[in-house]
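Student: Okay, here's the structure, questions in a sec.
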Amino acid sequence: MSETIMTASSATLSRPVVISLRPRFADAILSGEKTVELRRHRMAAPLGTLLILYSSAPVMAVVGTAVLADRHTDRPTALWNRHRLHMSLTRAEFRDYLTGTDTGTALSLRDVVRLPTPFSLGHLRQEGAFQPPQSFRYLSSDDPEVLHHLFTAN
């Protein structure tokens, strides 16, 4: 099932989400090649939520932001048929990633912004208690102020 896009004003009411991505996928999102991110579990964040893009090892840095435009949770076959051209995945990668799950979630992204200078993990840890998520997590009040500024800038 798919949800409609929220207005820009409603985006400011939700807490940002830090989402971890493999560097290949972070780069594909930032270049516009990838507009749908696949997840094994449903993300409950409301549409319009700011996503803070963390590129995992070896990059280990916050590299950009995007806005959650739509969410589609369904059986793997339905997700593949609907979103395959926008996920930057081979059929084998898709199948391997969703092995053992009955459903997956496709997150459609909009308003992608590449940070002019990424915030390295080392820098973020100097600024505050930053722990990158395994998959995703809400931005916490303990996270570095620089990440909170990303939210207020959007």
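Starting from 1 in every chain, residues are counted up; chains themselves are A, B, ... following the order of the structure tokens, and ligands are numbered from 1 as listed.
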Fewer than 4 positions away in the same chain doesn't count, so skip those; otherwise give me all residues within 7 Å of Leu107 in chain A, counting only C-alpha atoms, as a VMD selection string.
Tutor: chain A and resid 36 to 38 68 70 to 72
Student: Could you state the separation of CA of Thr99 in chain A and CA of Leu51 in chain A in Å, given to one decimal place?
Tutor: 25.5 Å
Student: Quick one, how far is CA of Val18 in chain A from CA of Ser141 in chain A?
Tutor: 12.7 Å
Student: Within chain A, find each residue whose DSSP state, derived from the backbone, is strand (DSSP E or B), and express the selection as an NGL selection string.
Tutor: :A and (2 or 17-21 or 36-39 or 50-55 or 61-74 or 104-120 or 136-138)
Student: Which is closest to Gln134 in chain A among A:Arg95, A:Arg22, A:Arg15, A:His149, if we use only C-alpha atoms?
Tutor: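 Ranking A:Arg95, A:Arg22, A:Arg15, A:His149 by distance to Gln134 in chain A, first place goes to A:Arg22.
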Student: DSSP on the backbone, then: every residue of range 100-143 of chain A marked helix (DSSP H, G or I), written as an NGL selection string.
Tutor: :A and (121-127)
Student: Kindly save the residues from that selection, with N, CA and C atoms included, as a PDB file, in the first residue's frame.
Tutor:
ATOM      1  N   LEU A 121      32.475  10.554  10.690  1.00  0.00           N
ATOM      2  CA  LEU A 121      32.122   9.954  11.973  1.00  0.00           C
ATOM      3  C   LEU A 121      33.001  10.532  13.079  1.00  0.00           C
ATOM      4  N   GLY A 122      34.287  10.703  12.813  1.00  0.00           N
ATOM      5  CA  GLY A 122      35.187  11.278  13.804  1.00  0.00           C
ATOM      6  C   GLY A 122      34.756  12.672  14.217  1.00  0.00           C
ATOM      7  N   HIS A 123      34.396  13.499  13.239  1.00  0.00           N
ATOM      8  CA  HIS A 123      33.934  14.864  13.528  1.00  0.00           C
ATOM      9  C   HIS A 123      32.642  14.831  14.350  1.00  0.00           C
ATOM     10  N   LEU A 124      31.706  13.980  13.950  1.00  0.00           N
ATOM     11  CA  LEU A 124      30.431  13.890  14.663  1.00  0.00           C
ATOM     12  C   LEU A 124      30.635  13.452  16.115  1.00  0.00           C
ATOM     13  N   ARG A 125      31.572  12.558  16.330  1.00  0.00           N
ATOM     14  CA  ARG A 125      31.832  12.086  17.698  1.00  0.00           C
ATOM     15  C   ARG A 125      32.566  13.126  18.533  1.00  0.00           C
ATOM     16  N   GLN A 126      33.301  14.025  17.891  1.00  0.00           N
ATOM     17  CA  GLN A 126      33.918  15.132  18.628  1.00  0.00           C
ATOM     18  C   GLN A 126      32.850  16.135  19.064  1.00  0.00           C
ATOM     19  N   GLU A 127      31.792  16.244  18.276  1.00  0.00           N
ATOM     20  CA  GLU A 127      30.725  17.215  18.531  1.00  0.00           C
ATOM     21  C   GLU A 127      29.683  16.704  19.526  1.00  0.00           C
TER      22      GLU A 127
END
Student: Nearest to Ala61 in chain A among A:Thr105, A:Ala26, A:Glu145, A:Phe119, with distances taken over only C-alpha atoms: which residue is it?
Tutor: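 Nearest to Ala61 in chain A: A:Phe119.
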Student: Between A:Thr49, A:Ser140, A:Ser14, A:Ser55, single out the one closest to Arg114 in chain A, counting only C-alpha atoms.
Tutor: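 So, comparing all the options, the nearest one is A:Ser55.
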Student: If we count only C-alpha atoms, what is near Leu85 in chain A at a cut-off of 10 Å, once residues fewer than 4 positions away on the same chain are taken out, given as a CSV table (one decimal) with C-alpha atoms, in the first residue's frame?
Tutor:
chain,number,residue,atom,x,y,z
A,33,GLU,CA,20.2,7.3,-10.1
A,34,LYS,CA,18.5,5.7,-7.1
A,35,THR,CA,15.2,7.2,-6.0
A,36,VAL,CA,13.9,4.2,-4.0
A,80,TRP,CA,10.3,-5.7,-7.5
A,81,ASN,CA,7.7,-5.3,-10.2
A,89,LEU,CA,19.8,-3.3,-7.4
A,90,THR,CA,20.1,-6.5,-9.5
Student: For CA of Ala78 in chain A and CA of His41 in chain A, determine how far apart the two atoms are, in Å to one decimal place.
Tutor: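 CA of His41 in chain A lies at a distance of 15.5 Å from CA of Ala78 in chain A.
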Student: Can you work out which one of A:Gly32, A:Pro144, A:Pro76, A:Pro133 has the shortest atom-to-atom distance to Met60 in chain A, counting only C-alpha atoms?
Tutor: A:Pro133
